[in-house]
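Here is the file start34.csv (CSV, C-alpha atoms).
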```csv
chain,number,residue,atom,x,y,z
T,1,MET,CA,12.3,-9.9,6.9
T,2,PRO,CA,9.6,-9.5,4.1
T,3,LEU,CA,8.7,-6.0,3.4
T,4,LEU,CA,4.9,-6.3,4.1
T,5,GLU,CA,5.5,-8.2,7.3
T,6,ARG,CA,7.9,-5.4,8.5
T,7,SER,CA,5.2,-2.8,7.8
T,8,ALA,CA,2.7,-4.8,9.8
T,9,GLU,CA,5.2,-5.3,12.6
T,10,LEU,CA,6.0,-1.6,12.9
T,11,ALA,CA,2.3,-0.7,12.9
T,12,GLY,CA,1.7,-3.3,15.7
T,13,PRO,CA,1.4,-0.9,18.6
T,14,ARG,CA,-1.0,1.3,16.7
T,15,LEU,CA,-3.0,-1.7,15.5
T,16,ALA,CA,-3.3,-3.0,19.1
T,17,GLU,CA,-4.4,0.5,20.3
T,18,ALA,CA,-7.1,0.7,17.7
T,19,GLY,CA,-8.3,-2.9,18.4
T,20,LEU,CA,-7.3,-4.0,14.9
T,21,THR,CA,-5.3,-6.9,13.5
T,22,CYS,CA,-3.3,-7.1,10.3
T,23,ARG,CA,-2.9,-10.1,8.1
T,24,VAL,CA,-0.1,-10.3,5.5
T,25,ASP,CA,-0.9,-12.5,2.4
T,26,ALA,CA,2.1,-12.8,0.0
T,27,PRO,CA,3.5,-15.9,-1.6
T,28,ALA,CA,7.0,-16.9,-0.5
T,29,GLY,CA,9.7,-16.1,-3.1
T,30,LEU,CA,7.7,-13.3,-4.8
T,31,ARG,CA,10.4,-11.0,-6.4
T,32,ALA,CA,10.3,-7.6,-8.0
T,33,ARG,CA,12.7,-4.9,-9.0
T,34,ILE,CA,11.8,-2.3,-6.4
T,35,ASP,CA,13.3,0.3,-4.2
T,36,PRO,CA,12.3,-1.4,-0.9
T,37,ASP,CA,12.4,1.9,1.1
T,38,TRP,CA,10.1,3.6,-1.3
T,39,ILE,CA,7.7,0.7,-1.5
T,40,ARG,CA,7.7,0.4,2.2
T,41,GLU,CA,6.8,4.1,2.5
T,42,ALA,CA,3.9,3.6,0.1
T,43,VAL,CA,2.7,0.5,2.0
T,44,ASP,CA,3.1,2.4,5.3
T,45,ASN,CA,1.0,5.3,4.0
T,46,LEU,CA,-1.7,2.9,2.9
T,47,LEU,CA,-1.6,1.1,6.2
T,48,ASP,CA,-1.9,4.5,8.1
T,49,ASN,CA,-5.0,5.3,6.1
T,50,ALA,CA,-6.5,1.9,6.8
T,51,LEU,CA,-5.7,2.3,10.5
T,52,ARG,CA,-7.6,5.6,10.5
T,53,PHE,CA,-10.8,4.2,9.0
T,54,ALA,CA,-11.0,0.4,9.8
T,55,PRO,CA,-13.6,-0.3,12.5
T,56,ARG,CA,-12.4,-1.7,15.9
T,57,GLY,CA,-12.2,-5.5,15.8
T,58,SER,CA,-11.6,-5.8,12.1
T,59,VAL,CA,-8.7,-7.1,10.1
T,60,ILE,CA,-6.5,-5.0,7.7
T,61,GLU,CA,-5.0,-7.1,4.9
T,62,LEU,CA,-1.7,-6.5,3.2
T,63,VAL,CA,-1.7,-8.5,0.0
T,64,ALA,CA,1.0,-9.0,-2.7
T,65,ARG,CA,0.4,-11.1,-5.8
T,66,ALA,CA,2.1,-11.6,-9.1
T,67,SER,CA,-0.2,-10.6,-11.9
T,68,GLY,CA,1.4,-11.6,-15.2
T,69,ALA,CA,4.5,-9.5,-15.5
T,70,ASP,CA,3.3,-7.2,-12.8
T,71,LEU,CA,3.3,-7.1,-9.0
T,72,ASP,CA,0.1,-6.1,-7.2
T,73,ILE,CA,0.4,-4.8,-3.6
T,74,GLU,CA,-2.9,-3.9,-1.9
T,75,VAL,CA,-4.0,-2.7,1.5
T,76,ARG,CA,-7.6,-3.7,2.3
T,77,ASP,CA,-9.8,-2.4,5.1
T,78,ASP,CA,-13.4,-2.8,6.3
T,79,GLY,CA,-14.0,0.9,6.9
T,80,PRO,CA,-16.5,3.1,5.2
T,81,GLY,CA,-14.8,3.1,1.8
T,82,PHE,CA,-14.5,6.1,-0.4
T,83,PRO,CA,-17.3,8.3,-1.7
T,84,ALA,CA,-17.8,7.4,-5.3
T,85,GLU,CA,-17.1,10.9,-6.5
T,86,PHE,CA,-13.8,11.0,-4.7
T,87,LEU,CA,-12.3,7.8,-6.4
T,88,PRO,CA,-11.3,9.5,-9.7
T,89,HIS,CA,-9.4,12.1,-7.7
T,90,ALA,CA,-8.0,10.0,-4.8
T,91,PHE,CA,-4.4,10.4,-5.8
T,92,GLU,CA,-4.5,14.1,-6.5
T,93,ARG,CA,-2.4,16.2,-4.0
T,94,PHE,CA,-4.4,17.8,-1.2
T,95,ARG,CA,-7.6,16.0,-2.1
T,96,ARG,CA,-9.5,14.5,0.7
T,97,PRO,CA,-12.8,12.6,0.8
T,98,ASP,CA,-15.8,14.2,2.3
T,99,SER,CA,-16.5,14.2,6.0
T,100,GLY,CA,-17.9,10.6,5.8
T,101,ARG,CA,-14.4,9.2,5.6
T,102,SER,CA,-12.4,11.9,7.4
T,103,ARG,CA,-11.5,11.9,11.1
T,104,GLY,CA,-10.0,14.5,13.4
T,105,ASP,CA,-6.4,13.8,12.2
T,106,GLY,CA,-7.3,13.2,8.6
T,107,GLY,CA,-4.0,14.6,7.3
T,108,ALA,CA,-3.3,17.1,4.5
T,109,GLY,CA,-4.3,14.9,1.6
T,110,LEU,CA,-0.8,14.0,0.5
T,111,GLY,CA,-0.5,10.3,1.5
T,112,LEU,CA,-2.2,8.9,-1.6
T,113,ALA,CA,-0.4,11.4,-3.9
T,114,ILE,CA,2.9,10.1,-2.4
T,115,VAL,CA,1.8,6.5,-3.1
T,116,GLN,CA,1.0,7.4,-6.7
T,117,ALA,CA,4.4,9.1,-7.2
T,118,ILE,CA,6.2,6.0,-5.8
T,119,ALA,CA,4.2,3.8,-8.2
T,120,VAL,CA,5.0,6.0,-11.2
T,121,ALA,CA,8.7,6.1,-10.3
T,122,HIS,CA,8.6,2.3,-10.5
T,123,GLY,CA,6.9,2.4,-13.9
T,124,GLY,CA,3.5,1.5,-12.3
T,125,VAL,CA,0.2,2.9,-11.2
T,126,ALA,CA,-1.8,3.3,-8.0
T,127,ALA,CA,-5.5,2.5,-7.8
T,128,ALA,CA,-8.3,2.8,-5.3
T,129,ARG,CA,-11.7,1.1,-5.2
T,130,ASN,CA,-14.4,0.2,-2.8
T,131,LYS,CA,-15.1,-3.4,-1.7
T,132,PRO,CA,-18.6,-4.6,-2.6
T,133,GLY,CA,-19.5,-5.3,1.0
T,134,GLY,CA,-17.9,-2.1,2.3
T,135,GLY,CA,-14.4,-1.0,2.9
T,136,ALA,CA,-11.5,0.2,0.7
T,137,VAL,CA,-8.8,-1.4,-1.4
T,138,VAL,CA,-5.9,0.8,-2.3
T,139,GLY,CA,-2.7,-0.5,-3.9
T,140,LEU,CA,0.0,-0.4,-6.5
T,141,ARG,CA,0.6,-2.3,-9.7
T,142,LEU,CA,4.3,-2.4,-10.5
T,143,PRO,CA,6.3,-4.1,-13.2
T,144,ARG,CA,8.2,-7.0,-11.5
T,145,ALA,CA,11.2,-6.6,-13.8
T,146,ALA,CA,12.6,-3.8,-16.0
T,147,GLY,CA,13.7,-4.4,-19.6
T,148,ASP,CA,14.9,-7.8,-20.5
T,149,VAL,CA,15.7,-8.9,-16.9
T,150,SER,CA,13.9,-12.1,-15.7
T,151,PRO,CA,11.6,-11.6,-12.7
T,152,ALA,CA,13.8,-14.3,-11.0
T,153,ASP,CA,16.6,-11.7,-11.1
T,154,GLY,CA,14.5,-9.2,-9.2
T,155,GLU,CA,14.6,-8.2,-5.6
T,156,PRO,CA,12.6,-10.3,-3.1
T,157,LEU,CA,9.9,-8.3,-1.3
T,158,GLU,CA,12.1,-7.8,1.7
T,159,ASP,CA,14.3,-5.2,3.2
T,160,ASN,CA,17.4,-4.4,1.2
T,161,PRO,CA,20.2,-3.9,3.8
T,162,ALA,CA,22.4,-2.2,1.2
T,163,GLY,CA,19.6,0.3,0.5
T,164,GLY,CA,18.8,1.7,-2.9
T,165,ARG,CA,17.0,0.0,-5.8
T,166,GLY,CA,16.5,-3.7,-5.7
T,167,ASP,CA,18.0,-4.1,-9.1
T,168,ALA,CA,21.4,-2.9,-8.1
```
Structure re-expressed in C-alpha cells:
Amino acid sequence: MPLLERSAELAGPRLAEAGLTCRVDAPAGLRARIDPDWIREAVDNLLDNALRFAPRGSVIELVARASGADLDIEVRDDGPGFPAEFLPHAFERFRRPDSGRSRGDGGAGLGLAIVQAIAVAHGGVAAARNKPGGGAVVGLRLPRAAGDVSPADGEPLEDNPAGGRGDA
C-alpha cells in the first residue's frame, strides 16, 4: 500500500471526527531511496498538524512529486496558515506559532523539528510556507537516489515489509 495512502487511511477516523477529507495525489511508480518508517512518521506529524488547523468541511492534501533528482512530499491545508514571523523558525525545537494558529492541544513544538530531522537524515530539507489564499503547505524535499544509483533502483513510496532503509 502506498505510504501516503496508508497515512491517510490511518488518520481516517480523526479526519471523519473533524469533518475533514484527505486527498492523496502521487503519481504511480514514484520511487525514492527512503526509510519508509521515518518518512511515514514525518508525513503523520504533518498530517496531525493539518488536522489540528484545517477548518471543518475542508480537504487536506498529501502530495508527492518528482522534482528533478528530488522528491517533494507536501501536506496542504486550508487553515489559518502560519504567522509570517514564525516561518523562519518553524522547524526549531519547542517553537510554536502565536495563539492565532494554536489550539488547546497544540503540542510541545517538536513535531516540525522531528520532520526536519527526518528530512536531514535523508539528505534533504523541510520547508513551510503559506498558500496565497490561506492555509499552510509543509513538506520535505528529499533526494530520490543516493550516489550513482538510478532513481529506478529506489524504493517505491510504499511500506517496506522488511523495514529499514528502502535502499537495502
*Compile the contact shell of T:Glu74 as number ranges by chain: residues with an atom at most 12 Å away, counting all atoms listed in the file, same-chain residues fewer than 2 positions apart removed.*
T: 4, 23-26, 39, 42-47, 50, 60-66, 71-72, 76-77, 115, 125-129, 136-142
*asked:* Calculated over only C-alpha atoms, which of the candidates T:Arg40, T:Arg33, T:Pro55, T:Glu5 has the smallest distance to T:Leu20?
replied: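 Between T:Arg40, T:Arg33, T:Pro55, T:Glu5, the residue approaching T:Leu20 most closely is T:Pro55.
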*In Å to one decimal, how far is atom CA of T:Gly79 from atom CA of T:Gly135?*
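The value is 4.4 Å.
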*asked:* Restricting the calculation to only C-alpha atoms: of T:Pro143, T:Phe53, T:Thr21, T:Gly29, which residue gets closest to T:Val120?
replied: T:Pro143
_Atomic distance atom CA of T:Phe94 - atom CA of T:Leu110, expressed in Å with one decimal_ = 5.5 Å
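Picture a line from atom CA of T:Gly57 to atom CA of T:Phe86; it runs 26.4 Å.
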*asked:* For a cutoff of 7 Å around the file-coordinate point (-6.1, 4.8, 16.7), which residues qualify once you count all atoms listed in the file? I'd like the result as a list in words.
replied: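 It turns out the residues near that spot are Arg14, Glu17, Ala18, Leu51 and Arg52 of chain T.
You can rank T:Ala69, T:Ala54, T:Ile34, T:Cys22 by their closest distance to T:His122 using only C-alpha atoms, and at the top of that list sits T:Ile34.
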_Would you pick out the contacts of T:Gly134 at 9 Å or less, using only C-alpha atoms, so that residues sharing its chain but fewer than 3 positions from it are not included, and give the list as a PyMOL selection string?_
chain T and resi 77-81+130-131
*Which residue, T:Asp70, T:Val75, T:Ile114, T:Glu9, has the smallest gap to T:Ala90 when you use all atoms listed in the file?*
T:Ile114
*From T:Ile118, T:Leu10, T:Ala16, T:Ala145, residue lying nearest T:Val59 [all atoms listed in the file]*: T:Ala16
Step by step, gather every atom of stretch 131-148 of chain T that the file lists, find the box along x, y and z that holds them, add 6 Å on each side, and finally give centre and edge lengths in Å to one decimal, as lines of an AutoDock Vina configuration file.
```
center_x = -2.3
center_y = -3.5
center_z = -8.8
size_x = 46.4
size_y = 20.6
size_z = 35.4
```
Selected stretch 14-29 of chain T, written as a compact mmCIF listing (two decimals), in the first residue's frame, all heavy atoms:
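Here's the written file decode17.txt:
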```
# COMPACT_ATOMS: atom_id res chain seq x y z
N ARG T 14 -9.94 10.13 12.66
CA ARG T 14 -9.76 11.51 13.15
C ARG T 14 -10.24 12.51 12.11
O ARG T 14 -10.81 13.55 12.44
CB ARG T 14 -8.30 11.76 13.54
CG ARG T 14 -7.91 10.96 14.77
CD ARG T 14 -6.46 11.17 15.19
NE ARG T 14 -5.59 10.71 14.11
CZ ARG T 14 -4.52 11.36 13.68
NH1 ARG T 14 -4.14 12.49 14.24
NH2 ARG T 14 -3.78 10.89 12.71
N LEU T 15 -10.00 12.21 10.83
CA LEU T 15 -10.49 13.08 9.76
C LEU T 15 -12.02 13.15 9.79
O LEU T 15 -12.60 14.24 9.73
CB LEU T 15 -10.02 12.57 8.39
CG LEU T 15 -8.55 12.75 8.05
CD1 LEU T 15 -8.11 11.79 6.97
CD2 LEU T 15 -8.28 14.19 7.64
N ALA T 16 -12.65 12.00 9.91
CA ALA T 16 -14.12 11.95 9.94
C ALA T 16 -14.65 12.72 11.15
O ALA T 16 -15.62 13.50 11.02
CB ALA T 16 -14.59 10.50 9.97
N GLU T 17 -14.03 12.53 12.30
CA GLU T 17 -14.47 13.23 13.52
C GLU T 17 -14.35 14.74 13.37
O GLU T 17 -15.19 15.49 13.87
CB GLU T 17 -13.64 12.75 14.71
CG GLU T 17 -14.05 13.34 16.04
CD GLU T 17 -13.21 12.81 17.18
OE1 GLU T 17 -12.94 11.59 17.21
OE2 GLU T 17 -12.82 13.62 18.03
N ALA T 18 -13.32 15.19 12.66
CA ALA T 18 -13.11 16.62 12.45
C ALA T 18 -13.88 17.16 11.26
O ALA T 18 -13.81 18.36 10.97
CB ALA T 18 -11.61 16.89 12.26
N GLY T 19 -14.61 16.31 10.55
CA GLY T 19 -15.36 16.75 9.38
C GLY T 19 -14.47 17.11 8.21
O GLY T 19 -14.80 17.99 7.42
N LEU T 20 -13.34 16.42 8.07
CA LEU T 20 -12.37 16.69 7.02
C LEU T 20 -12.25 15.50 6.08
O LEU T 20 -12.56 14.37 6.45
CB LEU T 20 -11.00 16.97 7.63
CG LEU T 20 -10.90 18.15 8.59
CD1 LEU T 20 -9.60 18.12 9.36
CD2 LEU T 20 -11.05 19.45 7.82
N THR T 21 -11.76 15.75 4.90
CA THR T 21 -11.39 14.68 3.99
C THR T 21 -9.93 14.85 3.63
O THR T 21 -9.36 15.93 3.80
CB THR T 21 -12.26 14.68 2.70
OG1 THR T 21 -12.14 15.95 2.07
CG2 THR T 21 -13.71 14.38 3.02
N CYS T 22 -9.34 13.78 3.15
CA CYS T 22 -7.93 13.80 2.77
C CYS T 22 -7.81 13.26 1.37
O CYS T 22 -8.37 12.21 1.04
CB CYS T 22 -7.12 12.95 3.75
SG CYS T 22 -5.34 13.03 3.49
N ARG T 23 -7.09 13.97 0.53
CA ARG T 23 -6.86 13.55 -0.85
C ARG T 23 -5.36 13.29 -1.03
O ARG T 23 -4.53 14.13 -0.67
CB ARG T 23 -7.33 14.62 -1.83
CG ARG T 23 -7.17 14.16 -3.28
CD ARG T 23 -7.75 15.14 -4.28
NE ARG T 23 -6.95 16.35 -4.30
CZ ARG T 23 -7.45 17.58 -4.21
NH1 ARG T 23 -8.74 17.78 -4.10
NH2 ARG T 23 -6.66 18.63 -4.26
N VAL T 24 -5.04 12.14 -1.59
CA VAL T 24 -3.65 11.78 -1.87
C VAL T 24 -3.42 11.98 -3.36
O VAL T 24 -4.19 11.50 -4.19
CB VAL T 24 -3.36 10.32 -1.47
CG1 VAL T 24 -1.94 9.92 -1.86
CG2 VAL T 24 -3.57 10.13 0.03
N ASP T 25 -2.36 12.70 -3.69
CA ASP T 25 -2.01 12.97 -5.08
C ASP T 25 -0.55 12.63 -5.28
O ASP T 25 0.34 13.40 -4.91
CB ASP T 25 -2.28 14.45 -5.39
CG ASP T 25 -1.97 14.82 -6.83
OD1 ASP T 25 -1.68 13.93 -7.65
OD2 ASP T 25 -2.00 16.03 -7.14
N ALA T 26 -0.31 11.43 -5.82
CA ALA T 26 1.06 10.97 -6.07
C ALA T 26 1.03 10.09 -7.32
O ALA T 26 0.19 9.20 -7.41
CB ALA T 26 1.60 10.19 -4.88
N PRO T 27 1.93 10.34 -8.26
CA PRO T 27 1.94 9.51 -9.47
C PRO T 27 2.33 8.07 -9.15
O PRO T 27 3.16 7.81 -8.28
CB PRO T 27 2.98 10.18 -10.36
CG PRO T 27 3.81 11.01 -9.46
CD PRO T 27 2.98 11.35 -8.27
N ALA T 28 1.71 7.14 -9.86
CA ALA T 28 2.06 5.73 -9.71
C ALA T 28 3.51 5.53 -10.11
O ALA T 28 4.02 6.18 -11.02
CB ALA T 28 1.14 4.88 -10.58
N GLY T 29 4.18 4.64 -9.42
CA GLY T 29 5.55 4.30 -9.77
C GLY T 29 6.61 5.26 -9.28
O GLY T 29 7.78 5.08 -9.58
```
